[in-house]
file upload-v6.tsv (TSV, C-alpha atoms)
chain	number	residue	atom	x	y	z
X	1	MET	CA	0.00	0.00	0.00
X	2	PHE	CA	2.79	2.43	0.90
X	3	GLU	CA	4.65	1.87	-2.37
X	4	ARG	CA	1.43	2.76	-4.17
X	5	LEU	CA	1.05	5.90	-2.04
X	6	GLU	CA	4.63	7.00	-2.74
X	7	GLN	CA	4.02	6.64	-6.48
X	8	LEU	CA	0.82	8.67	-6.12
X	9	GLU	CA	2.71	11.40	-4.25
X	10	GLU	CA	5.38	11.54	-6.98
X	11	ARG	CA	2.69	11.91	-9.62
X	12	TYR	CA	0.96	14.61	-7.55
X	13	ASP	CA	4.21	16.60	-7.25
X	14	GLU	CA	4.82	16.23	-10.98
X	15	LEU	CA	1.35	17.62	-11.74
X	16	SER	CA	1.97	20.48	-9.28
X	17	ARG	CA	5.13	21.44	-11.22
X	18	GLN	CA	3.24	21.31	-14.53
X	19	MET	CA	0.48	23.55	-13.19
X	20	SER	CA	3.00	26.17	-12.04
X	21	ASP	CA	4.48	26.47	-15.55
X	22	PRO	CA	3.08	29.67	-17.20
X	23	ALA	CA	3.28	28.09	-20.65
X	24	PHE	CA	1.20	25.16	-19.48
X	25	VAL	CA	-1.46	27.42	-17.95
X	26	ASN	CA	-2.10	28.95	-21.38
X	27	ASP	CA	-3.24	25.56	-22.68
X	28	GLN	CA	-6.66	25.77	-21.02
X	29	GLU	CA	-8.03	22.39	-22.12
X	30	ASN	CA	-4.97	20.49	-20.91
X	31	TYR	CA	-4.77	22.63	-17.78
X	32	ARG	CA	-8.36	21.73	-16.80
X	33	LYS	CA	-7.64	18.04	-17.32
X	34	VAL	CA	-4.45	18.09	-15.24
X	35	SER	CA	-5.93	20.27	-12.49
X	36	LYS	CA	-8.80	17.78	-12.09
X	37	GLN	CA	-6.31	14.91	-11.73
X	38	HIS	CA	-4.37	16.98	-9.22
X	39	ARG	CA	-7.52	17.80	-7.25
X	40	ASP	CA	-8.60	14.14	-7.21
X	41	MET	CA	-5.25	13.11	-5.71
X	42	GLU	CA	-5.03	15.92	-3.16
X	43	ASP	CA	-6.94	14.36	-0.24
X	44	THR	CA	-5.06	11.06	-0.50
X	45	VAL	CA	-1.63	12.69	-0.74
X	46	GLU	CA	-2.33	15.02	2.20
X	47	LYS	CA	-3.53	12.08	4.30
X	48	PHE	CA	-0.42	10.08	3.37
X	49	ARG	CA	1.83	12.96	4.41
X	50	GLN	CA	-0.07	13.20	7.67
X	51	TYR	CA	0.40	9.45	8.19
X	52	ARG	CA	4.13	9.69	7.49
X	53	ALA	CA	4.52	12.60	9.93
X	54	ILE	CA	2.77	10.59	12.65
X	55	ARG	CA	5.04	7.61	12.03
X	56	GLN	CA	8.06	9.85	12.30
X	57	GLY	CA	6.68	11.29	15.52
X	58	ILE	CA	6.30	7.79	16.96
X	59	ALA	CA	9.85	6.88	15.95
X	60	ASP	CA	11.17	10.05	17.63
X	61	ALA	CA	9.16	9.37	20.78
X	62	LYS	CA	10.48	5.81	20.99
X	63	ALA	CA	14.03	7.15	20.69
X	64	MET	CA	13.28	9.52	23.57
X	65	LEU	CA	12.32	6.53	25.74
X	66	LEU	CA	15.99	5.51	25.70
X	67	GLU	CA	17.02	8.76	27.36
X	68	PRO	CA	18.06	8.49	31.04
X	69	ASP	CA	16.05	11.58	32.03
X	70	ALA	CA	12.77	10.51	33.68
X	71	GLU	CA	10.96	13.68	32.60
X	72	ILE	CA	11.87	13.13	28.94
X	73	LYS	CA	10.69	9.51	29.19
X	74	ALA	CA	7.37	10.66	30.63
X	75	MET	CA	6.95	13.14	27.76
X	76	ALA	CA	7.72	10.38	25.25
X	77	GLU	CA	5.16	8.02	26.82
X	78	GLU	CA	2.51	10.73	26.75
X	79	GLU	CA	3.25	11.48	23.09
X	80	LEU	CA	3.09	7.80	22.15
X	81	ALA	CA	-0.26	7.44	23.91
X	82	GLN	CA	-1.63	10.14	21.61
X	83	LEU	CA	0.13	9.24	18.37
X	84	GLU	CA	-0.31	5.44	18.20
X	85	PRO	CA	-4.15	5.45	18.20
X	86	ARG	CA	-4.08	8.34	15.72
X	87	LEU	CA	-1.81	6.31	13.41
X	88	THR	CA	-4.36	3.48	13.30
X	89	THR	CA	-7.17	5.91	12.50
X	90	VAL	CA	-5.26	7.63	9.71
X	91	GLU	CA	-4.23	4.26	8.23
X	92	GLU	CA	-7.89	3.22	8.01
X	93	GLU	CA	-8.76	6.56	6.41
X	94	LEU	CA	-6.02	5.98	3.84
X	95	LYS	CA	-7.42	2.56	2.96
X	96	VAL	CA	-10.81	4.16	2.28
X	97	LEU	CA	-9.23	6.85	0.10
X	98	LEU	CA	-7.43	4.18	-1.93
X	99	LEU	CA	-10.64	2.29	-2.74
X	100	PRO	CA	-11.63	2.45	-6.42
X	101	LYS	CA	-13.89	5.46	-6.78
X	102	ASP	CA	-17.28	5.42	-8.41
X	103	PRO	CA	-16.65	7.33	-11.67
X	104	ASN	CA	-20.11	8.88	-11.36
X	105	ASP	CA	-19.61	10.38	-7.88
X	106	GLU	CA	-18.61	13.78	-9.26
X	107	LYS	CA	-21.58	13.99	-11.62
X	108	ASN	CA	-24.79	15.99	-11.44
X	109	ILE	CA	-27.99	13.96	-11.30
X	110	VAL	CA	-31.35	13.63	-12.97
X	111	ILE	CA	-33.84	12.68	-10.25
X	112	GLU	CA	-37.30	11.29	-10.96
X	113	LEU	CA	-40.01	10.79	-8.32
X	114	ARG	CA	-43.23	8.96	-9.17
X	115	ALA	CA	-46.33	8.11	-7.15
X	116	GLY	CA	-46.88	4.36	-6.78
X	117	THR	CA	-49.50	2.50	-4.78
X	118	GLY	CA	-51.72	4.68	-2.63
X	119	GLY	CA	-53.32	7.08	-5.09
X	120	ASP	CA	-53.71	10.63	-3.76
X	121	GLU	CA	-51.72	9.89	-0.62
X	122	ALA	CA	-48.76	8.71	-2.74
X	123	SER	CA	-48.88	11.90	-4.82
X	124	LEU	CA	-48.81	14.01	-1.66
X	125	PHE	CA	-45.76	12.10	-0.48
X	126	VAL	CA	-44.00	12.69	-3.82
X	127	ALA	CA	-44.41	16.43	-3.22
X	128	GLU	CA	-43.12	16.11	0.36
X	129	MET	CA	-40.10	14.03	-0.65
X	130	PHE	CA	-39.19	16.46	-3.41
X	131	ARG	CA	-39.40	19.28	-0.86
X	132	LEU	CA	-37.08	17.23	1.42
X	133	TYR	CA	-34.57	16.87	-1.42
X	134	LEU	CA	-34.83	20.59	-2.24
X	135	ARG	CA	-33.91	21.48	1.34
X	136	PHE	CA	-31.07	18.96	1.31
X	137	ALA	CA	-29.83	20.53	-1.94
X	138	GLU	CA	-29.95	24.00	-0.35
X	139	GLN	CA	-27.67	22.78	2.45
X	140	HIS	CA	-25.11	21.70	-0.17
X	141	ARG	CA	-25.63	24.80	-2.32
X	142	TRP	CA	-26.67	22.73	-5.30
X	143	LYS	CA	-28.66	24.26	-8.15
X	144	VAL	CA	-32.03	22.60	-8.83
X	145	GLU	CA	-33.86	22.82	-12.15
X	146	VAL	CA	-37.28	21.22	-12.62
X	147	LEU	CA	-37.65	19.62	-16.06
X	148	SER	CA	-41.23	18.35	-15.89
X	149	GLN	CA	-43.97	17.62	-13.39
X	150	THR	CA	-47.53	16.34	-13.30
X	151	ASP	CA	-49.74	17.77	-10.56
X	152	SER	CA	-52.42	15.75	-8.79
X	153	ASP	CA	-55.95	16.94	-7.95
X	154	VAL	CA	-55.17	17.09	-4.22
X	155	GLY	CA	-52.13	19.39	-4.46
X	156	GLY	CA	-49.54	16.67	-4.71
X	157	LEU	CA	-47.37	15.47	-7.60
X	158	LYS	CA	-47.98	12.37	-9.68
X	159	ASP	CA	-44.41	12.68	-10.91
X	160	ILE	CA	-41.57	15.17	-11.11
X	161	THR	CA	-38.21	15.18	-12.88
X	162	ALA	CA	-35.40	17.59	-12.02
X	163	ILE	CA	-31.67	18.13	-12.43
X	164	PHE	CA	-29.48	18.73	-9.36
X	165	GLU	CA	-26.17	20.42	-10.18
X	166	GLY	CA	-23.25	20.98	-7.84
X	167	ASN	CA	-20.31	19.43	-6.05
X	168	LYS	CA	-20.39	15.60	-5.88
X	169	VAL	CA	-24.17	15.41	-6.11
X	170	TYR	CA	-24.32	11.77	-7.19
X	171	SER	CA	-22.04	10.65	-4.35
X	172	GLN	CA	-24.57	12.05	-1.83
X	173	MET	CA	-27.80	11.08	-3.61
X	174	LYS	CA	-27.13	7.72	-5.27
X	175	TYR	CA	-28.50	5.65	-2.40
X	176	GLU	CA	-31.93	7.33	-2.69
X	177	SER	CA	-32.88	5.16	-5.69
X	178	GLY	CA	-35.62	2.71	-4.84
X	179	VAL	CA	-39.09	2.29	-3.39
X	180	HIS	CA	-39.92	4.59	-0.48
X	181	ARG	CA	-42.87	3.44	1.66
X	182	VAL	CA	-44.92	5.84	3.79
X	183	GLN	CA	-47.22	4.83	6.67
X	184	ARG	CA	-49.57	7.44	8.16
X	185	VAL	CA	-53.18	8.48	8.69
X	186	PRO	CA	-54.37	10.43	5.61
X	187	ALA	CA	-56.19	13.72	6.12
X	188	THR	CA	-59.28	12.16	4.50
X	189	GLU	CA	-59.30	9.17	6.87
X	190	THR	CA	-62.18	9.60	9.36
X	191	GLN	CA	-61.52	6.52	11.50
X	192	GLY	CA	-57.84	7.16	12.20
X	193	ARG	CA	-56.55	4.13	10.31
X	194	VAL	CA	-52.95	4.06	9.13
X	195	HIS	CA	-52.59	3.71	5.35
X	196	THR	CA	-49.52	2.50	3.50
X	197	SER	CA	-48.46	4.15	0.23
X	198	ALA	CA	-45.32	4.01	-1.89
X	199	ILE	CA	-43.36	6.14	-4.32
X	200	THR	CA	-40.35	5.37	-6.49
X	201	VAL	CA	-37.23	7.50	-6.69
X	202	ALA	CA	-34.73	7.17	-9.53
X	203	VAL	CA	-31.35	8.91	-9.25
X	204	LEU	CA	-29.47	8.92	-12.55
X	205	PRO	CA	-25.95	10.33	-12.99
X	206	GLU	CA	-26.22	13.02	-15.65
X	207	ALA	CA	-24.44	11.77	-18.75
X	208	GLU	CA	-22.34	14.09	-20.86
X	209	GLU	CA	-22.18	13.80	-24.63
X	210	VAL	CA	-18.80	12.12	-24.29
X	211	ASP	CA	-20.32	9.46	-22.00
X	212	ILE	CA	-22.93	8.29	-24.47
X	213	LYS	CA	-23.33	9.07	-28.16
X	214	ILE	CA	-26.84	9.47	-29.57
X	215	GLU	CA	-27.38	9.45	-33.33
X	216	ASN	CA	-30.00	11.82	-34.76
X	217	LYS	CA	-31.31	9.02	-36.98
X	218	ASP	CA	-32.26	7.10	-33.82
X	219	LEU	CA	-34.54	9.88	-32.55
X	220	ARG	CA	-38.15	10.76	-33.21
X	221	VAL	CA	-39.01	14.28	-32.02
X	222	ASP	CA	-42.63	15.34	-31.52
X	223	THR	CA	-43.90	18.75	-30.47
X	224	PHE	CA	-47.14	19.40	-28.61
X	225	CYS	CA	-48.93	22.10	-26.65
X	226	SER	CA	-47.82	22.54	-23.05
X	227	SER	CA	-50.35	21.96	-20.30
X	228	GLY	CA	-50.57	23.34	-16.80
X	229	PRO	CA	-50.23	26.80	-15.28
X	230	GLY	CA	-49.01	29.64	-17.46
X	231	GLY	CA	-51.99	31.42	-18.99
X	232	GLN	CA	-53.53	31.20	-22.43
X	233	SER	CA	-50.23	30.98	-24.30
X	234	VAL	CA	-49.50	27.61	-22.72
X	235	ASN	CA	-52.08	25.78	-24.81
X	236	THR	CA	-51.50	27.66	-28.07
X	237	THR	CA	-47.72	27.26	-28.48
X	238	TYR	CA	-46.16	23.99	-29.64
X	239	SER	CA	-43.16	24.41	-27.37
X	240	ALA	CA	-43.31	21.10	-25.48
X	241	ILE	CA	-41.00	18.36	-26.74
X	242	ARG	CA	-41.29	14.58	-26.68
X	243	ILE	CA	-38.22	12.62	-27.80
X	244	THR	CA	-38.31	8.89	-28.50
X	245	HIS	CA	-35.06	6.94	-28.72
X	246	LEU	CA	-36.11	4.34	-31.30
X	247	PRO	CA	-33.56	1.55	-30.59
X	248	THR	CA	-34.55	1.35	-26.90
X	249	ASN	CA	-38.07	2.87	-27.11
X	250	THR	CA	-37.07	5.30	-24.35
X	251	VAL	CA	-39.40	8.32	-24.23
X	252	VAL	CA	-38.70	11.63	-22.50
X	253	SER	CA	-40.62	14.88	-22.57
X	254	CYS	CA	-40.11	18.41	-21.34
X	255	GLN	CA	-42.54	21.32	-21.27
X	256	ASP	CA	-41.08	23.46	-18.50
X	257	GLU	CA	-39.75	26.19	-20.82
X	258	LYS	CA	-41.65	28.40	-23.27
X	259	SER	CA	-38.84	27.89	-25.78
X	260	GLN	CA	-38.93	24.72	-27.88
X	261	ILE	CA	-35.13	24.81	-28.17
X	262	LYS	CA	-34.63	24.93	-24.40
X	263	ASN	CA	-37.13	22.13	-23.86
X	264	ARG	CA	-35.26	20.01	-26.40
X	265	GLU	CA	-31.93	20.66	-24.65
X	266	LYS	CA	-33.42	19.63	-21.30
X	267	ALA	CA	-35.09	16.54	-22.76
X	268	MET	CA	-31.78	15.45	-24.31
X	269	ARG	CA	-30.07	15.76	-20.92
X	270	VAL	CA	-32.63	13.38	-19.43
X	271	LEU	CA	-32.42	11.00	-22.39
X	272	ARG	CA	-28.62	10.79	-22.18
X	273	SER	CA	-28.83	10.04	-18.46
X	274	ARG	CA	-31.44	7.31	-18.91
X	275	LEU	CA	-29.49	5.61	-21.67
X	276	TYR	CA	-26.32	5.91	-19.59
X	277	GLU	CA	-28.11	4.15	-16.73
X	278	VAL	CA	-29.31	1.36	-19.04
X	279	GLU	CA	-25.73	0.74	-20.14
X	280	ALA	CA	-24.46	0.90	-16.54
X	281	GLU	CA	-27.10	-1.63	-15.49
X	282	ARG	CA	-26.02	-3.95	-18.31
X	283	VAL	CA	-22.44	-3.77	-17.04
X	284	HIS	CA	-23.63	-4.41	-13.47
X	285	GLN	CA	-25.47	-7.53	-14.60
X	286	LEU	CA	-22.34	-8.86	-16.29
X	287	GLN	CA	-20.30	-8.20	-13.16
X	288	ALA	CA	-22.93	-9.88	-10.98
X	289	LYS	CA	-22.13	-13.23	-12.58
X	290	GLU	CA	-18.62	-12.99	-11.18
X	291	ARG	CA	-19.29	-11.10	-7.98
X	292	LYS	CA	-22.19	-12.06	-5.77
X	293	GLN	CA	-22.60	-8.76	-3.99
X	294	GLN	CA	-22.78	-5.55	-5.94
X	295	ILE	CA	-22.06	-2.31	-4.14
X	296	GLY	CA	-24.56	0.43	-4.87
X	297	SER	CA	-26.54	-1.46	-7.52
X	298	GLY	CA	-29.65	0.47	-6.46
X	299	ASP	CA	-32.17	-2.30	-7.23
X	300	ARG	CA	-35.48	-0.45	-7.41
X	301	SER	CA	-37.58	-3.60	-7.13
X	302	GLU	CA	-36.90	-3.64	-3.39
X	303	LYS	CA	-38.34	-1.41	-0.68
X	304	ILE	CA	-35.41	0.58	0.64
X	305	ARG	CA	-36.95	2.81	3.29
X	306	THR	CA	-40.10	3.22	5.40
X	307	TYR	CA	-41.38	6.54	6.77
X	308	ASN	CA	-43.71	5.84	9.71
X	309	PHE	CA	-45.33	9.13	10.72
X	310	PRO	CA	-47.36	7.94	13.78
X	311	GLN	CA	-44.14	6.66	15.36
X	312	ASN	CA	-41.92	9.50	14.03
X	313	ARG	CA	-39.70	6.72	12.70
X	314	LEU	CA	-37.52	6.30	9.62
X	315	THR	CA	-36.17	2.84	8.80
X	316	ASP	CA	-33.63	2.11	6.09
X	317	HIS	CA	-34.04	-1.60	5.41
X	318	ARG	CA	-30.78	-2.04	3.51
X	319	ILE	CA	-28.55	-1.31	6.50
X	320	GLY	CA	-30.96	-1.89	9.41
X	321	LEU	CA	-30.91	1.79	10.38
X	322	THR	CA	-33.76	3.13	12.54
X	323	GLN	CA	-34.11	6.80	13.47
X	324	HIS	CA	-36.83	8.37	15.61
X	325	ASN	CA	-36.52	11.84	14.11
X	326	LEU	CA	-38.71	11.60	11.02
X	327	ALA	CA	-40.07	15.13	11.43
X	328	MET	CA	-36.52	16.53	11.21
X	329	VAL	CA	-35.64	14.32	8.23
X	330	MET	CA	-38.68	15.59	6.32
X	331	GLU	CA	-37.35	19.12	6.88
X	332	GLY	CA	-34.22	18.19	4.93
X	333	GLN	CA	-32.03	16.76	7.73
X	334	LEU	CA	-31.03	13.78	5.61
X	335	GLN	CA	-27.24	13.95	6.08
X	336	PRO	CA	-26.99	11.48	9.03
X	337	THR	CA	-28.88	8.89	6.96
X	338	VAL	CA	-26.70	9.54	3.90
X	339	ASP	CA	-23.51	9.31	6.00
X	340	ALA	CA	-24.63	5.99	7.50
X	341	LEU	CA	-25.30	4.57	4.02
X	342	ILE	CA	-21.94	5.75	2.69
X	343	ALA	CA	-20.13	4.29	5.71
X	344	TYR	CA	-21.92	0.95	5.36
X	345	TYR	CA	-21.26	0.51	1.65
X	346	THR	CA	-17.67	1.71	2.00
X	347	ALA	CA	-17.08	-0.95	4.69
X	348	GLU	CA	-18.68	-3.58	2.45
X	349	LYS	CA	-16.47	-2.52	-0.41
X	350	MET	CA	-13.35	-2.73	1.77
X	351	LYS	CA	-14.13	-6.39	2.54
X	352	GLY	CA	-13.65	-7.19	-1.10
X	353	GLU	CA	-10.55	-5.09	-1.71
X	354	PRO	CA	-6.90	-6.06	-1.07
X	355	THR	CA	-5.06	-3.74	1.31
X	356	ALA	CA	-1.81	-3.79	-0.64
X	357	ALA	CA	-1.08	-2.48	-4.10
call {"tool": "encode", "arguments": {"input": "upload-v6.tsv", "output": "structure tokens"}}
result
Amino acid sequence: MFERLEQLEERYDELSRQMSDPAFVNDQENYRKVSKQHRDMEDTVEKFRQYRAIRQGIADAKAMLLEPDAEIKAMAEEELAQLEPRLTTVEEELKVLLLPKDPNDEKNIVIELRAGTGGDEASLFVAEMFRLYLRFAEQHRWKVEVLSQTDSDVGGLKDITAIFEGNKVYSQMKYESGVHRVQRVPATETQGRVHTSAITVAVLPEAEEVDIKIENKDLRVDTFCSSGPGGQSVNTTYSAIRITHLPTNTVVSCQDEKSQIKNREKAMRVLRSRLYEVEAERVHQLQAKERKQQIGSGDRSEKIRTYNFPQNRLTDHRIGLTQHNLAMVMEGQLQPTVDALIAYYTAEKMKGEPTAA
């Protein structure tokens, strides 16, 4: 492991020298590429340097133990008591940093929420969950752009699709994919009975054009009148776009903008992300034949989480996590749940990874 870290540090220093060369800075495309590599290595290199400094501190303290002076020995023992546990912690942190990274972690996401079983109650929960994600996005200073939505008669949402843009969005949101079950007494329930409803959440890493190539000949583009709020012009302008990817029969639509061009751009972003996910799932299935447990496969056929309002309880069934602070979670306090999921799947991943290079 340490040989691998030393090589990484050498490469990091080499990139640092390149980035300080004025001639190199003028080549913007190459500079962006190298600066991203440099940034990706930074945390690991800094942690390795911290680890090496602690090891040196331990070696120095052990040398001090050989001194005849009792006071110096006491100082050395005190220093060792602090440094040795810290060394173990930093070593574990280094192992995590050396794990193969999900190439999608840095990406923006396309998120889709849809009402499932439960009718009106499910549509209300879609609206509440999207509000939760909006508040979570605000905490991370992500930009949110709604692409399309279908309102329900009771003030909820039958479905909504949006793009979240910002720093490492997918890494924080990828474990939200799946079936979310809600248990509570609906406002229309006169006898106080608890009803169970469900919604589905899909979190797709936003694919760039370089990630997946789409041929124009494979697309059928239809225009139609927008529907929903917006005044008379909404129903008289053919600005809404529906794009069908013929080889896969994947259909996306966007009517959020008054401009047909902007709606097409947004629809293409969603289409690229859906096709990217289809390809990623195909690769996952191939890997599953060789590896029994897949990390972060996000199987949506399984219920991943239950929100029990009468008991103020959230349960994540994948990791056996139970929290009795549902009211706070619904206000956007999702980070403890996200951190627990990341920690669990990182630990699972470490079980399958060698510790040495």
call {"tool": "residues_around", "arguments": {"input": "upload-v6.tsv", "residues": "range 27-44 of chain X", "least_positions_apart": "3", "cutoff": "10 Å", "atoms": "all atoms listed in the file", "output": "ChimeraX atom specification"}}
result
/X:5,8-9,11-16,18-19,22-24,47-50,93-98
call {"tool": "atom_distance", "arguments": {"input": "upload-v6.tsv", "atom1": "CA of Ile111 in chain X", "atom2": "CA of Asn167 in chain X"}}
result
15.7 Å
call {"tool": "axis_aligned_box", "arguments": {"input": "upload-v6.tsv", "around": "range 2-12 of chain X", "padding_each_side": "5 Å", "output": "lines of an AutoDock Vina configuration file"}}
result
center_x = 3.1
center_y = 8.2
center_z = -4.4
size_x = 14.6
size_y = 22.7
size_z = 20.5
call {"tool": "closest_residue", "arguments": {"input": "upload-v6.tsv", "among": "X:Arg313, X:Arg242, X:Lys266, X:Arg305", "to": "Met328 in chain X", "atoms": "all atoms listed in the file"}}
result
X:Arg313
call {"tool": "atom_distance", "arguments": {"input": "upload-v6.tsv", "atom1": "CA of Glu257 in chain X", "atom2": "CA of Glu165 in chain X"}}
result
18.2 Å
call {"tool": "closest_atom_pairs", "arguments": {"input": "upload-v6.tsv", "of": "range 33-65 of chain X", "to": "range 81-85 of chain X", "cutoff": "12 Å", "atoms": "all atoms listed in the file", "output": "CSV"}}
result
residue,atom,partner,partner_atom,distance
X:Gln50,CA,X:Leu83,CA,11.4
X:Tyr51,CA,X:Leu83,CA,10.2
X:Arg52,CA,X:Leu83,CA,11.6
X:Ala53,CA,X:Leu83,CA,10.1
X:Ile54,CA,X:Leu83,CA,6.4
X:Arg55,CA,X:Leu83,CA,8.2
X:Gln56,CA,X:Leu83,CA,10.0
X:Gly57,CA,X:Leu83,CA,7.4
X:Ile58,CA,X:Leu83,CA,6.5
X:Ala59,CA,X:Leu83,CA,10.3
X:Asp60,CA,X:Leu83,CA,11.1
X:Ala61,CA,X:Leu83,CA,9.3
X:Lys62,CA,X:Glu84,CA,11.2
call {"tool": "residues_around", "arguments": {"input": "upload-v6.tsv", "residues": "Val252 in chain X", "least_positions_apart": "5", "cutoff": "7 Å", "atoms": "only C-alpha atoms", "output": "ChimeraX atom specification"}}
result
/X:242-244,267,271
call {"tool": "residues_around", "arguments": {"input": "upload-v6.tsv", "residues": "Val201 in chain X", "least_positions_apart": "3", "cutoff": "12 Å", "atoms": "all atoms listed in the file", "output": "ChimeraX atom specification"}}
result
/X:110-116,125-127,129-130,133,159-162,173-181,198,204,298-305
call {"tool": "residues_near_point", "arguments": {"input": "upload-v6.tsv", "point": "(-24.3, 5.1, -16.2)", "cutoff": "12 Å", "atoms": "only C-alpha atoms", "output": "JSON list (two decimals) with C-alpha atoms, keeping the file's coordinate frame"}}
result
[["chain", "number", "residue", "atom", "x", "y", "z"],
["X", 102, "ASP", "CA", -17.28, 5.42, -8.41],
["X", 103, "PRO", "CA", -16.65, 7.33, -11.67],
["X", 104, "ASN", "CA", -20.11, 8.88, -11.36],
["X", 105, "ASP", "CA", -19.61, 10.38, -7.88],
["X", 107, "LYS", "CA", -21.58, 13.99, -11.62],
["X", 108, "ASN", "CA", -24.79, 15.99, -11.44],
["X", 109, "ILE", "CA", -27.99, 13.96, -11.30],
["X", 110, "VAL", "CA", -31.35, 13.63, -12.97],
["X", 170, "TYR", "CA", -24.32, 11.77, -7.19],
["X", 174, "LYS", "CA", -27.13, 7.72, -5.27],
["X", 203, "VAL", "CA", -31.35, 8.91, -9.25],
["X", 204, "LEU", "CA", -29.47, 8.92, -12.55],
["X", 205, "PRO", "CA", -25.95, 10.33, -12.99],
["X", 206, "GLU", "CA", -26.22, 13.02, -15.65],
["X", 207, "ALA", "CA", -24.44, 11.77, -18.75],
["X", 208, "GLU", "CA", -22.34, 14.09, -20.86],
["X", 211, "ASP", "CA", -20.32, 9.46, -22.00],
["X", 212, "ILE", "CA", -22.93, 8.29, -24.47],
["X", 271, "LEU", "CA", -32.42, 11.00, -22.39],
["X", 272, "ARG", "CA", -28.62, 10.79, -22.18],
["X", 273, "SER", "CA", -28.83, 10.04, -18.46],
["X", 274, "ARG", "CA", -31.44, 7.31, -18.91],
["X", 275, "LEU", "CA", -29.49, 5.61, -21.67],
["X", 276, "TYR", "CA", -26.32, 5.91, -19.59],
["X", 277, "GLU", "CA", -28.11, 4.15, -16.73],
["X", 278, "VAL", "CA", -29.31, 1.36, -19.04],
["X", 279, "GLU", "CA", -25.73, 0.74, -20.14],
["X", 280, "ALA", "CA", -24.46, 0.90, -16.54],
["X", 281, "GLU", "CA", -27.10, -1.63, -15.49],
["X", 282, "ARG", "CA", -26.02, -3.95, -18.31],
["X", 283, "VAL", "CA", -22.44, -3.77, -17.04],
["X", 284, "HIS", "CA", -23.63, -4.41, -13.47],
["X", 297, "SER", "CA", -26.54, -1.46, -7.52]]
call {"tool": "atom_distance", "arguments": {"input": "upload-v6.tsv", "atom1": "CA of Lys258 in chain X", "atom2": "CA of Lys143 in chain X"}}
result
20.4 Å
call {"tool": "closest_residue", "arguments": {"input": "upload-v6.tsv", "among": "X:Asn249, X:Ser171, X:Thr322, X:Gln183", "to": "Asp339 in chain X", "atoms": "all atoms listed in the file"}}
result
X:Ser171
call {"tool": "closest_residue", "arguments": {"input": "upload-v6.tsv", "among": "X:Pro310, X:Gly118, X:Gly332, X:Gly320", "to": "Arg193 in chain X", "atoms": "all atoms listed in the file"}}
result
X:Pro310
call {"tool": "closest_residue", "arguments": {"input": "upload-v6.tsv", "among": "X:Asn263, X:Ser152, X:Thr89, X:Gln139", "to": "Val169 in chain X", "atoms": "all atoms listed in the file"}}
result
X:Gln139
call {"tool": "closest_residue", "arguments": {"input": "upload-v6.tsv", "among": "X:Val146, X:Met350, X:Val25, X:Val221", "to": "Gln255 in chain X", "atoms": "only C-alpha atoms"}}
result
X:Val146
call {"tool": "decode", "arguments": {"input": "upload-v6.tsv", "residues": "range 121-157 of chain X", "atoms": "C-alpha atoms", "output": "PDB file, in the first residue's frame"}}
result
ATOM      1  CA  GLU X 121     -51.722   9.889  -0.622  1.00  0.00           C
ATOM      2  CA  ALA X 122     -48.758   8.715  -2.737  1.00  0.00           C
ATOM      3  CA  SER X 123     -48.878  11.899  -4.824  1.00  0.00           C
ATOM      4  CA  LEU X 124     -48.813  14.005  -1.660  1.00  0.00           C
ATOM      5  CA  PHE X 125     -45.762  12.095  -0.476  1.00  0.00           C
ATOM      6  CA  VAL X 126     -43.996  12.689  -3.822  1.00  0.00           C
ATOM      7  CA  ALA X 127     -44.411  16.426  -3.219  1.00  0.00           C
ATOM      8  CA  GLU X 128     -43.118  16.115   0.362  1.00  0.00           C
ATOM      9  CA  MET X 129     -40.095  14.030  -0.654  1.00  0.00           C
ATOM     10  CA  PHE X 130     -39.186  16.460  -3.415  1.00  0.00           C
ATOM     11  CA  ARG X 131     -39.403  19.275  -0.855  1.00  0.00           C
ATOM     12  CA  LEU X 132     -37.081  17.232   1.418  1.00  0.00           C
ATOM     13  CA  TYR X 133     -34.566  16.874  -1.423  1.00  0.00           C
ATOM     14  CA  LEU X 134     -34.829  20.585  -2.237  1.00  0.00           C
ATOM     15  CA  ARG X 135     -33.911  21.484   1.341  1.00  0.00           C
ATOM     16  CA  PHE X 136     -31.066  18.958   1.307  1.00  0.00           C
ATOM     17  CA  ALA X 137     -29.830  20.530  -1.943  1.00  0.00           C
ATOM     18  CA  GLU X 138     -29.953  24.002  -0.352  1.00  0.00           C
ATOM     19  CA  GLN X 139     -27.667  22.780   2.450  1.00  0.00           C
ATOM     20  CA  HIS X 140     -25.106  21.696  -0.167  1.00  0.00           C
ATOM     21  CA  ARG X 141     -25.627  24.800  -2.322  1.00  0.00           C
ATOM     22  CA  TRP X 142     -26.672  22.728  -5.304  1.00  0.00           C
ATOM     23  CA  LYS X 143     -28.665  24.255  -8.147  1.00  0.00           C
ATOM     24  CA  VAL X 144     -32.033  22.597  -8.833  1.00  0.00           C
ATOM     25  CA  GLU X 145     -33.857  22.824 -12.152  1.00  0.00           C
ATOM     26  CA  VAL X 146     -37.278  21.221 -12.620  1.00  0.00           C
ATOM     27  CA  LEU X 147     -37.655  19.615 -16.055  1.00  0.00           C
ATOM     28  CA  SER X 148     -41.229  18.350 -15.891  1.00  0.00           C
ATOM     29  CA  GLN X 149     -43.970  17.616 -13.386  1.00  0.00           C
ATOM     30  CA  THR X 150     -47.534  16.336 -13.298  1.00  0.00           C
ATOM     31  CA  ASP X 151     -49.742  17.769 -10.563  1.00  0.00           C
ATOM     32  CA  SER X 152     -52.417  15.749  -8.786  1.00  0.00           C
ATOM     33  CA  ASP X 153     -55.946  16.936  -7.949  1.00  0.00           C
ATOM     34  CA  VAL X 154     -55.165  17.095  -4.216  1.00  0.00           C
ATOM     35  CA  GLY X 155     -52.134  19.389  -4.456  1.00  0.00           C
ATOM     36  CA  GLY X 156     -49.538  16.670  -4.711  1.00  0.00           C
ATOM     37  CA  LEU X 157     -47.373  15.470  -7.603  1.00  0.00           C
TER      38      LEU X 157
END
